[in-house]
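Shown next, in structure tokens, is the structure this report addresses.
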Amino acid sequence: MRKLLSWVFVKLVQPQVGVRFCKDGNSYDHTEEKIYLDVNDNDDCGFLRHLEEKHGFAEARSYSLLIWTILHEIGHYNTLDECEEDELLVRGYCAMVDKSDVTEKVQDLYFNLESEWLATEWAIDYLLNHQKLCRFFSALLR
């Protein structure tokens with residue numbers, strides 16, 4: 001049911017973006033214009049903390065992690081995530097850090113990348129402009 005509801009939400013927000021369900025994390029593929037979603041991934045990797053502390057969105061935890069994940073990945077589509085070479089280096093560094101060793105500084109290093117920041121800002125803006133829709137699906141996807 002989570003897959004169907006997630007697919008419907010994506011199509012309501014951005015109909016032209018494809019969805020593929022997987023079991024190894026969440027991402028957006030620009031070449032295929034497709035979101036890869038792990039609907040059972042409950043590890044936010046510090047994303048909700050970052051939303052609250054760095055983006056100043058105090059009510060971040062009022063919405064399900066899956067809603068934020070979907071909106072953030074669609075945010076990449078809408079902000080045309082073009083990685084600069086230095087951004088690729090930071091992404092590579094963050095990917096090499098063992099999950100058990102990840103600190104808030106490493107999380108912030110990743111989430112402060114321009115492409116990540118812009119995708120998150122897009123997600124916040126969309127959520128603020130479509131609160132009823134996001135609250136409805138958030139309640140279904142908790």
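Residues are named by chain letter and number: chains run A, B, ... in the order of the structure tokens, numbers start at 1 in each chain, and ligands are numbered from 1 in the order shown.
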
Give me, as a Markdown table, each residue of segment 94-120 of chain A that comes within 12 Å of segment 12-36 of chain A, together with its shortest interatomic pair and the distance in Å at one decimal, counting only C-alpha atoms, with rows ordered by chain and rising residue number.
| residue | atom | partner | partner_atom | distance |
| --- | --- | --- | --- | --- |
| A:Ser115 | CA | A:Tyr28 | CA | 11.6 |
| A:Glu116 | CA | A:Ser27 | CA | 11.1 |
| A:Ala119 | CA | A:Tyr28 | CA | 10.6 |

Near segment 52-57 of chain A, within 9 Å and counting only C-alpha atoms, which residues show up once chain neighbours fewer than 5 positions away are dropped, as an mmCIF file with N, CA and C atoms, in the first residue's frame?
data_model
loop_
_atom_site.group_PDB
_atom_site.id
_atom_site.type_symbol
_atom_site.label_atom_id
_atom_site.label_comp_id
_atom_site.auth_asym_id
_atom_site.auth_seq_id
_atom_site.Cartn_x
_atom_site.Cartn_y
_atom_site.Cartn_z
ATOM 1 N N PHE A 47 18.541 14.157 8.128
ATOM 2 C CA PHE A 47 17.808 15.080 7.251
ATOM 3 C C PHE A 47 16.790 15.925 8.017
ATOM 4 N N ASP A 108 25.869 17.492 7.717
ATOM 5 C CA ASP A 108 25.713 18.874 7.260
ATOM 6 C C ASP A 108 26.553 19.161 6.024
ATOM 7 N N ASN A 112 24.430 20.434 2.969
ATOM 8 C CA ASN A 112 24.706 21.831 2.611
ATOM 9 C C ASN A 112 25.227 21.978 1.181
ATOM 10 N N TRP A 117 20.821 21.458 -0.943
ATOM 11 C CA TRP A 117 20.155 22.591 -0.305
ATOM 12 C C TRP A 117 18.980 23.068 -1.165
ATOM 13 N N THR A 120 16.052 20.667 -1.116
ATOM 14 C CA THR A 120 15.333 20.753 0.159
ATOM 15 C C THR A 120 14.508 22.024 0.226
ATOM 16 N N GLU A 121 15.044 23.124 -0.230
ATOM 17 C CA GLU A 121 14.284 24.386 -0.243
ATOM 18 C C GLU A 121 13.057 24.263 -1.140
ATOM 19 N N ILE A 124 10.470 22.287 0.827
ATOM 20 C CA ILE A 124 9.832 23.127 1.851
ATOM 21 C C ILE A 124 8.806 24.053 1.207
#

When distances are computed from only C-alpha atoms, which of A:Asn42, A:Ala139, A:Leu113, A:Ser100 shows the smallest separation from Ser62 of chain A?
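Answer, going by the shortest atom-to-atom distance: A:Ala139.
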
Just the helix (DSSP H, G or I) stuff from chain A, please, per backbone DSSP, written as a PDB file with C-alpha atoms, in the first residue's frame.
ATOM      1  CA  ARG A   2       2.909   2.380   0.786  1.00  0.00           C
ATOM      2  CA  LYS A   3       4.213   1.903  -2.746  1.00  0.00           C
ATOM      3  CA  LEU A   4       0.871   2.725  -4.336  1.00  0.00           C
ATOM      4  CA  LEU A   5       0.311   5.775  -2.118  1.00  0.00           C
ATOM      5  CA  SER A   6       3.873   6.982  -2.764  1.00  0.00           C
ATOM      6  CA  TRP A   7       3.406   6.573  -6.513  1.00  0.00           C
ATOM      7  CA  VAL A   8       0.109   8.504  -6.414  1.00  0.00           C
ATOM      8  CA  PHE A   9       1.720  11.307  -4.395  1.00  0.00           C
ATOM      9  CA  VAL A  10       4.638  11.595  -6.840  1.00  0.00           C
ATOM     10  CA  LYS A  11       2.243  11.734  -9.792  1.00  0.00           C
ATOM     11  CA  LEU A  12       0.141  14.432  -8.112  1.00  0.00           C
ATOM     12  CA  VAL A  13       3.216  16.542  -7.390  1.00  0.00           C
ATOM     13  CA  PHE A  47      17.808  15.080   7.251  1.00  0.00           C
ATOM     14  CA  LEU A  48      14.998  16.068   9.642  1.00  0.00           C
ATOM     15  CA  ARG A  49      17.512  17.624  12.058  1.00  0.00           C
ATOM     16  CA  HIS A  50      19.015  19.555   9.149  1.00  0.00           C
ATOM     17  CA  LEU A  51      15.554  20.756   8.099  1.00  0.00           C
ATOM     18  CA  GLU A  52      14.940  22.068  11.609  1.00  0.00           C
ATOM     19  CA  GLU A  53      18.354  23.510  12.421  1.00  0.00           C
ATOM     20  CA  ALA A  60       9.645  19.203  10.011  1.00  0.00           C
ATOM     21  CA  ARG A  61       8.733  16.184  12.130  1.00  0.00           C
ATOM     22  CA  SER A  62       5.020  16.936  11.729  1.00  0.00           C
ATOM     23  CA  LEU A  65       9.924  11.102   6.438  1.00  0.00           C
ATOM     24  CA  LEU A  66       8.606   9.525   3.230  1.00  0.00           C
ATOM     25  CA  ILE A  67       6.776  12.736   2.256  1.00  0.00           C
ATOM     26  CA  TRP A  68       9.994  14.712   2.805  1.00  0.00           C
ATOM     27  CA  THR A  69      11.999  12.143   0.861  1.00  0.00           C
ATOM     28  CA  ILE A  70       9.650  12.261  -2.118  1.00  0.00           C
ATOM     29  CA  LEU A  71       9.502  16.060  -2.140  1.00  0.00           C
ATOM     30  CA  HIS A  72      13.273  16.353  -1.798  1.00  0.00           C
ATOM     31  CA  GLU A  73      13.903  13.961  -4.702  1.00  0.00           C
ATOM     32  CA  ILE A  74      11.348  15.805  -6.849  1.00  0.00           C
ATOM     33  CA  GLY A  75      13.173  18.955  -5.761  1.00  0.00           C
ATOM     34  CA  HIS A  76      16.250  17.653  -7.593  1.00  0.00           C
ATOM     35  CA  TYR A  77      14.154  17.397 -10.762  1.00  0.00           C
ATOM     36  CA  ASN A  78      12.893  20.961 -10.335  1.00  0.00           C
ATOM     37  CA  GLU A  85      33.403  18.833  -9.668  1.00  0.00           C
ATOM     38  CA  ASP A  86      34.007  19.913  -6.059  1.00  0.00           C
ATOM     39  CA  GLU A  87      30.487  18.793  -5.193  1.00  0.00           C
ATOM     40  CA  LEU A  88      31.266  15.359  -6.592  1.00  0.00           C
ATOM     41  CA  LEU A  89      34.323  15.152  -4.348  1.00  0.00           C
ATOM     42  CA  VAL A  90      32.266  15.960  -1.246  1.00  0.00           C
ATOM     43  CA  ARG A  91      29.599  13.450  -2.289  1.00  0.00           C
ATOM     44  CA  GLY A  92      32.324  10.819  -2.701  1.00  0.00           C
ATOM     45  CA  TYR A  93      33.813  11.601   0.700  1.00  0.00           C
ATOM     46  CA  CYS A  94      30.415  11.343   2.394  1.00  0.00           C
ATOM     47  CA  ALA A  95      29.703   8.034   0.662  1.00  0.00           C
ATOM     48  CA  MET A  96      32.958   6.556   1.973  1.00  0.00           C
ATOM     49  CA  LYS A  99      27.368   4.847   8.726  1.00  0.00           C
ATOM     50  CA  SER A 100      28.443   4.181  12.299  1.00  0.00           C
ATOM     51  CA  ASP A 101      31.043   6.986  12.043  1.00  0.00           C
ATOM     52  CA  GLU A 104      26.366  15.810  12.348  1.00  0.00           C
ATOM     53  CA  LYS A 105      29.267  17.627  10.660  1.00  0.00           C
ATOM     54  CA  VAL A 106      29.420  14.997   7.912  1.00  0.00           C
ATOM     55  CA  GLN A 107      25.630  15.087   7.535  1.00  0.00           C
ATOM     56  CA  ASP A 108      25.713  18.874   7.260  1.00  0.00           C
ATOM     57  CA  LEU A 109      28.585  18.735   4.773  1.00  0.00           C
ATOM     58  CA  TYR A 110      26.374  16.633   2.514  1.00  0.00           C
ATOM     59  CA  PHE A 111      23.053  18.416   3.054  1.00  0.00           C
ATOM     60  CA  GLU A 114      24.185  23.452  -3.253  1.00  0.00           C
ATOM     61  CA  SER A 115      22.175  20.809  -5.115  1.00  0.00           C
ATOM     62  CA  GLU A 116      20.974  19.222  -1.859  1.00  0.00           C
ATOM     63  CA  TRP A 117      20.155  22.591  -0.305  1.00  0.00           C
ATOM     64  CA  LEU A 118      18.165  23.703  -3.364  1.00  0.00           C
ATOM     65  CA  ALA A 119      16.224  20.425  -3.525  1.00  0.00           C
ATOM     66  CA  THR A 120      15.333  20.753   0.159  1.00  0.00           C
ATOM     67  CA  GLU A 121      14.284  24.386  -0.243  1.00  0.00           C
ATOM     68  CA  TRP A 122      12.067  23.353  -3.158  1.00  0.00           C
ATOM     69  CA  ALA A 123      10.525  20.638  -0.944  1.00  0.00           C
ATOM     70  CA  ILE A 124       9.832  23.127   1.851  1.00  0.00           C
ATOM     71  CA  ASP A 125       8.295  25.620  -0.560  1.00  0.00           C
ATOM     72  CA  TYR A 126       6.079  22.971  -2.127  1.00  0.00           C
ATOM     73  CA  LEU A 127       4.954  21.687   1.261  1.00  0.00           C
ATOM     74  CA  LEU A 128       4.102  25.197   2.485  1.00  0.00           C
ATOM     75  CA  ASN A 129       2.059  25.873  -0.654  1.00  0.00           C
ATOM     76  CA  GLN A 131      -0.107  21.795   3.152  1.00  0.00           C
ATOM     77  CA  LYS A 132      -3.463  19.994   2.966  1.00  0.00           C
ATOM     78  CA  LEU A 133      -2.246  17.570   0.309  1.00  0.00           C
ATOM     79  CA  CYS A 134       1.016  16.939   2.153  1.00  0.00           C
ATOM     80  CA  ARG A 135      -0.684  16.459   5.541  1.00  0.00           C
ATOM     81  CA  PHE A 136      -3.177  14.019   4.004  1.00  0.00           C
ATOM     82  CA  PHE A 137      -0.512  11.850   2.379  1.00  0.00           C
ATOM     83  CA  SER A 138       1.790  12.233   5.370  1.00  0.00           C
ATOM     84  CA  ALA A 139      -0.894  10.726   7.616  1.00  0.00           C
ATOM     85  CA  LEU A 140      -1.326   7.811   5.194  1.00  0.00           C
TER      86      LEU A 140
END

Residues of chain A classed as strand (DSSP E) by DSSP on the backbone are to be reported as a ChimeraX atom specification.
/A:18-21,27-29,34-37

Dump of C-alpha atoms for the selected residues, as a PDB file, in the first residue's frame:
ATOM      1  CA  GLY A  18       9.077   8.267 -13.007  1.00  0.00           C
ATOM      2  CA  VAL A  19       9.183   6.107  -9.891  1.00  0.00           C
ATOM      3  CA  ARG A  20      11.100   2.908  -9.286  1.00  0.00           C
ATOM      4  CA  PHE A  21      10.863   1.138  -5.953  1.00  0.00           C
ATOM      5  CA  SER A  27      17.830   9.028  -5.058  1.00  0.00           C
ATOM      6  CA  TYR A  28      16.952  10.904  -8.209  1.00  0.00           C
ATOM      7  CA  ASP A  29      18.355   9.927 -11.608  1.00  0.00           C
ATOM      8  CA  LYS A  34      13.158   8.923 -12.230  1.00  0.00           C
ATOM      9  CA  ILE A  35      13.022   8.727  -8.445  1.00  0.00           C
ATOM     10  CA  TYR A  36      14.310   5.605  -6.746  1.00  0.00           C
ATOM     11  CA  LEU A  37      12.373   5.076  -3.519  1.00  0.00           C
TER      12      LEU A  37
END

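Going from atom CA of Asn40 of chain A to atom CA of Leu80 of chain A covers 26.7 Å.
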
What separates atom CA of Ala58 of chain A and atom CA of Asp44 of chain A is a distance of 16.1 Å
